[in-house]
There are 2 protein chains.
Amino acid sequence: MSKSSPNQTNVDAIVETIVYLYTESRRLTKGLARQFGLTGPQLTVIKLLEQFGDLSLSSLSDRIRANNSTVTGIIDRMERGELVQRERSASDRRMVLIRLTKKGRQLASQIEVEPMKLFRDALRSLPPAELDELFRILGRVQQNVLLGLTAQSGQNSGE
Amino acid sequence: MSKSSPNQTNVDAIVETIVYLYTESRRLTKGLARQFGLTGPQLTVIKLLEQFGDLSLSSLSDRIRANNSTVTGIIDRMERGELVQRERSASDRRMVLIRLTKKGRQLASQIEVEPMKLFRDALRSLPPAELDELFRILGRVQQNVLLGLTAQSGQNSGE
DNA sequence: GATAATTACTTCGTATGCGAAATATTCGCA
DNA sequence: TGCGAATATTTCGCATACGAAGTAATTATC
């Protein structure tokens with residue numbers, strides 16, 4: 001157990017905070033969506049469709065970072081609730097375009113809540129300098145992840 | 001409605017990055033757990049039990065930030081798989097203590113993977129100064145969130 | 001221009017994940 | 001003591017969420 005370096009403590013706390021922010025934000029969005037008879041993902045979908053117009057199922061999956069099979073289910077239920085409708089693309093008949101119904105569009109325009117609102121609000125209340133700093137550092141973290149972290153054999157200050 | 005300010009761009013990017021890191025980390029953990037016949041949450045549970053010893057169901061829920069009803073299901077399946085066992089607490093017979101079985105303990109000792117490993121590795125590769133900075137700023141973000149939450153529960157949000 | 005490979009989506013089985021209601025136990029308090 | 005409030009867990013119904021396998025349509029390859 002040589003996990004007790006100060007760095008490790010920071011890492012633990014940061015991960016803890018991120019998990020907290022993510023799960024809490026989602027929980028809040030879900031609660032707000034519920035006031036309109038929607039679920040969290042459903043709210044996200046109608047806001048995306050409102051913003052970008054008709055989208056294919058897979059581009060929708062990409063944007064909400066979920067599998068096609070997951071989104072198929074979400075759209076099924078939304079179609080049943082008459083929030084959206086499916087339409088085969090004429091140019092490529094494999095594709096299904098998802099379109100807001102009148103009811104869906106009206107609901108979307110009625111709700112101002114953005115996904116992860118809790119988190120966004122907290123970020124906006126930071127001083128601009130810190131926001132920049134956070135943006136810079138997190139970009140770096142993501143870069144490290146993308147680089148495959150196979151370079152981890154060289155790093156390590158703790159163990 | 002100041003959606004096009006430079007700050008907004010930062011906020012969007014930060015949220016995007018956090019969501020990416022969170023979901024990707026979880027996906028990776030899940031994949032690693034699968035190599036041992038476990039799911040992501042199951043891996044988290046046996047590692048927690050290994051570290052802290054027997055835990056009540058609700059303290060387990062707190063630690064993994066899930067509802068009791070969710071954890072009940074997870075423990076059900078783990079019990080079926082003989083990874084853990086339930087035992088009523090003698091001091092308070094409402095409580096159920098979750099305990100690793102021999103099989104569960106052996107599996108836990110065999111797996112070195114920590115939850116959110118991808119994320120942790122990326123953090124550890126940051127310069128210590130940036131790690132500190134990140135820790136500080138995120139703490140502030142969380143503080144803001146907590147303030148927002150209590151402010152919200154104190155009043156009926158205008159709708 | 002037929003066939004293999006690819007792409008877009010759906011279906012199925014299983015595992016979270018949540019909230020509301022039910023049950024069992026303990027605590028608070030008159 | 002007794003009884004209502006609080007606490008710990010389970011059960012239920014529903015909505016994600018994923019991966020594997022299946023189907024339909026398009027593209028690539030010869």
# chains A, B, ... in the order shown; residues from 1 in each chain; ligands from 1

call {"tool": "interface_residues", "arguments": {"of": "chain A", "to": "chain B", "cutoff": "6 Å", "atoms": "only C-alpha atoms", "output": "NGL selection string"}}
result
:A and (14 or 122 or 135 or 141 or 144-145)

call {"tool": "write_last_selection", "arguments": {"atoms": "N, CA, C and O atoms", "output": "mmCIF file, in the first residue's frame"}}
result
data_model
loop_
_atom_site.group_PDB
_atom_site.id
_atom_site.type_symbol
_atom_site.label_atom_id
_atom_site.label_comp_id
_atom_site.auth_asym_id
_atom_site.auth_seq_id
_atom_site.Cartn_x
_atom_site.Cartn_y
_atom_site.Cartn_z
ATOM 1 N N ILE A 14 -10.000 14.555 -6.977
ATOM 2 C CA ILE A 14 -10.455 15.048 -8.281
ATOM 3 C C ILE A 14 -11.430 14.075 -8.914
ATOM 4 O O ILE A 14 -12.497 14.470 -9.395
ATOM 5 N N ALA A 122 -22.352 26.136 -12.331
ATOM 6 C CA ALA A 122 -21.221 26.220 -11.397
ATOM 7 C C ALA A 122 -19.972 26.703 -12.123
ATOM 8 O O ALA A 122 -19.201 27.509 -11.602
ATOM 9 N N PHE A 135 -10.055 24.848 -18.464
ATOM 10 C CA PHE A 135 -10.172 24.427 -19.853
ATOM 11 C C PHE A 135 -8.832 23.894 -20.369
ATOM 12 O O PHE A 135 -8.751 22.837 -20.990
ATOM 13 N N VAL A 141 -5.473 16.792 -19.973
ATOM 14 C CA VAL A 141 -5.840 15.467 -19.457
ATOM 15 C C VAL A 141 -6.414 14.609 -20.575
ATOM 16 O O VAL A 141 -6.032 13.456 -20.769
ATOM 17 N N ASN A 144 -3.821 13.415 -22.895
ATOM 18 C CA ASN A 144 -3.093 12.280 -22.330
ATOM 19 C C ASN A 144 -3.864 10.982 -22.519
ATOM 20 O O ASN A 144 -3.290 9.944 -22.850
ATOM 21 N N VAL A 145 -5.154 11.069 -22.315
ATOM 22 C CA VAL A 145 -5.975 9.881 -22.487
ATOM 23 C C VAL A 145 -5.929 9.417 -23.927
ATOM 24 O O VAL A 145 -5.740 8.240 -24.225
#

call {"tool": "closest_atom_pairs", "arguments": {"of": "chain B", "to": "chain C", "cutoff": "8 Å", "atoms": "only C-alpha atoms (C1' of nucleotides)", "output": "tab-separated table"}}
result
residue	atom	partner	partner_atom	distance
B:Ala66	CA	C:DG17	C1'	7.4
B:Asn67	CA	C:DC18	C1'	7.2
B:Thr70	CA	C:DG17	C1'	5.9
B:Ile74	CA	C:DT16	C1'	8.0
B:Asp92	CA	C:DT26	C1'	7.7
B:Arg93	CA	C:DT25	C1'	6.4
B:Arg94	CA	C:DT25	C1'	5.3

call {"tool": "write_last_selection", "arguments": {"atoms": "N, CA, C and O atoms", "output": "PDB file, in the first residue's frame"}}
result
ATOM      1  N   ALA B  66     -25.105   5.428  -5.578  1.00  0.00           N
ATOM      2  CA  ALA B  66     -26.262   4.826  -6.229  1.00  0.00           C
ATOM      3  C   ALA B  66     -27.353   4.652  -5.188  1.00  0.00           C
ATOM      4  O   ALA B  66     -27.085   4.705  -3.989  1.00  0.00           O
ATOM      5  N   ASN B  67     -28.563   4.452  -5.641  1.00  0.00           N
ATOM      6  CA  ASN B  67     -29.677   4.237  -4.720  1.00  0.00           C
ATOM      7  C   ASN B  67     -29.570   2.887  -4.037  1.00  0.00           C
ATOM      8  O   ASN B  67     -28.990   1.951  -4.574  1.00  0.00           O
ATOM      9  N   THR B  70     -30.857   0.166  -6.211  1.00  0.00           N
ATOM     10  CA  THR B  70     -29.917  -0.272  -7.244  1.00  0.00           C
ATOM     11  C   THR B  70     -28.915  -1.262  -6.667  1.00  0.00           C
ATOM     12  O   THR B  70     -28.659  -2.323  -7.245  1.00  0.00           O
ATOM     13  N   ILE B  74     -27.607  -5.262  -7.366  1.00  0.00           N
ATOM     14  CA  ILE B  74     -26.206  -5.625  -7.629  1.00  0.00           C
ATOM     15  C   ILE B  74     -25.757  -6.720  -6.662  1.00  0.00           C
ATOM     16  O   ILE B  74     -25.140  -7.714  -7.057  1.00  0.00           O
ATOM     17  N   ASP B  92     -27.999  -4.064  15.054  1.00  0.00           N
ATOM     18  CA  ASP B  92     -29.171  -3.398  14.494  1.00  0.00           C
ATOM     19  C   ASP B  92     -29.736  -4.279  13.396  1.00  0.00           C
ATOM     20  O   ASP B  92     -29.222  -4.321  12.291  1.00  0.00           O
ATOM     21  N   ARG B  93     -30.796  -4.945  13.734  1.00  0.00           N
ATOM     22  CA  ARG B  93     -31.270  -5.992  12.827  1.00  0.00           C
ATOM     23  C   ARG B  93     -31.936  -5.452  11.567  1.00  0.00           C
ATOM     24  O   ARG B  93     -32.401  -6.224  10.729  1.00  0.00           O
ATOM     25  N   ARG B  94     -31.960  -4.134  11.412  1.00  0.00           N
ATOM     26  CA  ARG B  94     -32.433  -3.607  10.130  1.00  0.00           C
ATOM     27  C   ARG B  94     -31.321  -3.674   9.091  1.00  0.00           C
ATOM     28  O   ARG B  94     -31.559  -3.823   7.900  1.00  0.00           O
TER      29      ARG B  94
END

call {"tool": "interface_residues", "arguments": {"of": "chain D", "to": "chain A", "cutoff": "10 Å", "atoms": "only C-alpha atoms (C1' of nucleotides)", "output": "list in words"}}
result
DA15, DT16, DA17, DC18, DG19, DA24, DA25 and DT26 of chain D

call {"tool": "write_last_selection", "arguments": {"atoms": "N, CA, C and O atoms (P, O5', C5', C4', C3', O3' and C1' of nucleotides)", "output": "compact mmCIF listing (two decimals), in the first residue's frame"}}
result
# COMPACT_ATOMS: atom_id res chain seq x y z
P DA D 15 -41.14 3.90 -19.48
O5' DA D 15 -39.61 4.35 -19.42
C5' DA D 15 -39.22 5.35 -18.49
C4' DA D 15 -37.71 5.46 -18.49
C3' DA D 15 -37.07 5.41 -19.87
O3' DA D 15 -36.01 6.35 -19.92
C1' DA D 15 -36.15 3.73 -18.51
P DT D 16 -35.38 6.81 -21.32
O5' DT D 16 -34.50 5.55 -21.73
C5' DT D 16 -33.13 5.72 -22.02
C4' DT D 16 -32.29 5.69 -20.74
C3' DT D 16 -30.82 5.50 -21.05
O3' DT D 16 -30.05 6.21 -20.07
C1' DT D 16 -31.61 3.66 -19.80
P DA D 17 -28.50 6.56 -20.57
O5' DA D 17 -27.85 5.14 -20.94
C5' DA D 17 -27.00 4.50 -20.01
C4' DA D 17 -26.57 3.15 -20.55
C3' DA D 17 -26.13 3.12 -22.02
O3' DA D 17 -24.72 3.08 -22.06
C1' DA D 17 -27.35 1.17 -21.36
P DC D 18 -23.94 3.02 -23.44
O5' DC D 18 -23.63 1.46 -23.58
C5' DC D 18 -22.95 0.81 -22.52
C4' DC D 18 -22.96 -0.67 -22.76
C3' DC D 18 -22.47 -1.05 -24.16
O3' DC D 18 -21.29 -1.80 -24.06
C1' DC D 18 -24.48 -2.22 -23.57
P DG D 19 -20.38 -2.04 -25.34
O5' DG D 19 -20.70 -3.57 -25.72
C5' DG D 19 -20.62 -4.55 -24.70
C4' DG D 19 -21.13 -5.87 -25.24
C3' DG D 19 -20.61 -6.23 -26.63
O3' DG D 19 -20.42 -7.63 -26.65
C1' DG D 19 -22.97 -6.11 -26.68
P DA D 24 -35.20 -8.46 -43.91
O5' DA D 24 -34.74 -7.04 -44.47
C5' DA D 24 -35.19 -5.86 -43.82
C4' DA D 24 -34.40 -4.68 -44.32
C3' DA D 24 -34.29 -4.61 -45.85
O3' DA D 24 -34.58 -3.27 -46.24
C1' DA D 24 -32.14 -4.51 -44.87
P DA D 25 -34.75 -2.89 -47.77
O5' DA D 25 -33.43 -2.04 -48.07
C5' DA D 25 -33.22 -0.86 -47.30
C4' DA D 25 -31.82 -0.38 -47.53
C3' DA D 25 -31.45 -0.13 -49.00
O3' DA D 25 -30.98 1.20 -49.10
C1' DA D 25 -29.80 -1.44 -47.92
P DT D 26 -30.60 1.81 -50.53
O5' DT D 26 -29.01 1.77 -50.48
C5' DT D 26 -28.36 2.44 -49.40
C4' DT D 26 -26.88 2.16 -49.45
C3' DT D 26 -26.19 2.49 -50.78
O3' DT D 26 -25.12 3.38 -50.50
C1' DT D 26 -25.55 0.36 -50.00

call {"tool": "calpha_fit_rmsd", "arguments": {"fixed": "chain B", "moving": "chain A"}}
result
4.0 Å

call {"tool": "atom_distance", "arguments": {"atom1": "CA of Leu38 in chain B", "atom2": "C1' of DT9 in chain D"}}
result
24.0 Å

call {"tool": "select_by_dssp", "arguments": {"residues": "chain A", "states": "strand (DSSP E)", "output": "ChimeraX atom specification"}}
result
/A:55-56,84-88,96-100

call {"tool": "select_by_dssp", "arguments": {"residues": "chain A", "states": "alpha helix (DSSP H)", "output": "ChimeraX atom specification"}}
result
/A:6-34,40-52,57-64,68-80,102-110,117-124,128-146

call {"tool": "atom_distance", "arguments": {"atom1": "CA of Gly31 in chain A", "atom2": "CA of Leu57 in chain A"}}
result
25.1 Å

call {"tool": "atom_distance", "arguments": {"atom1": "CA of Leu32 in chain B", "atom2": "CA of Leu100 in chain B"}}
result
20.1 Å
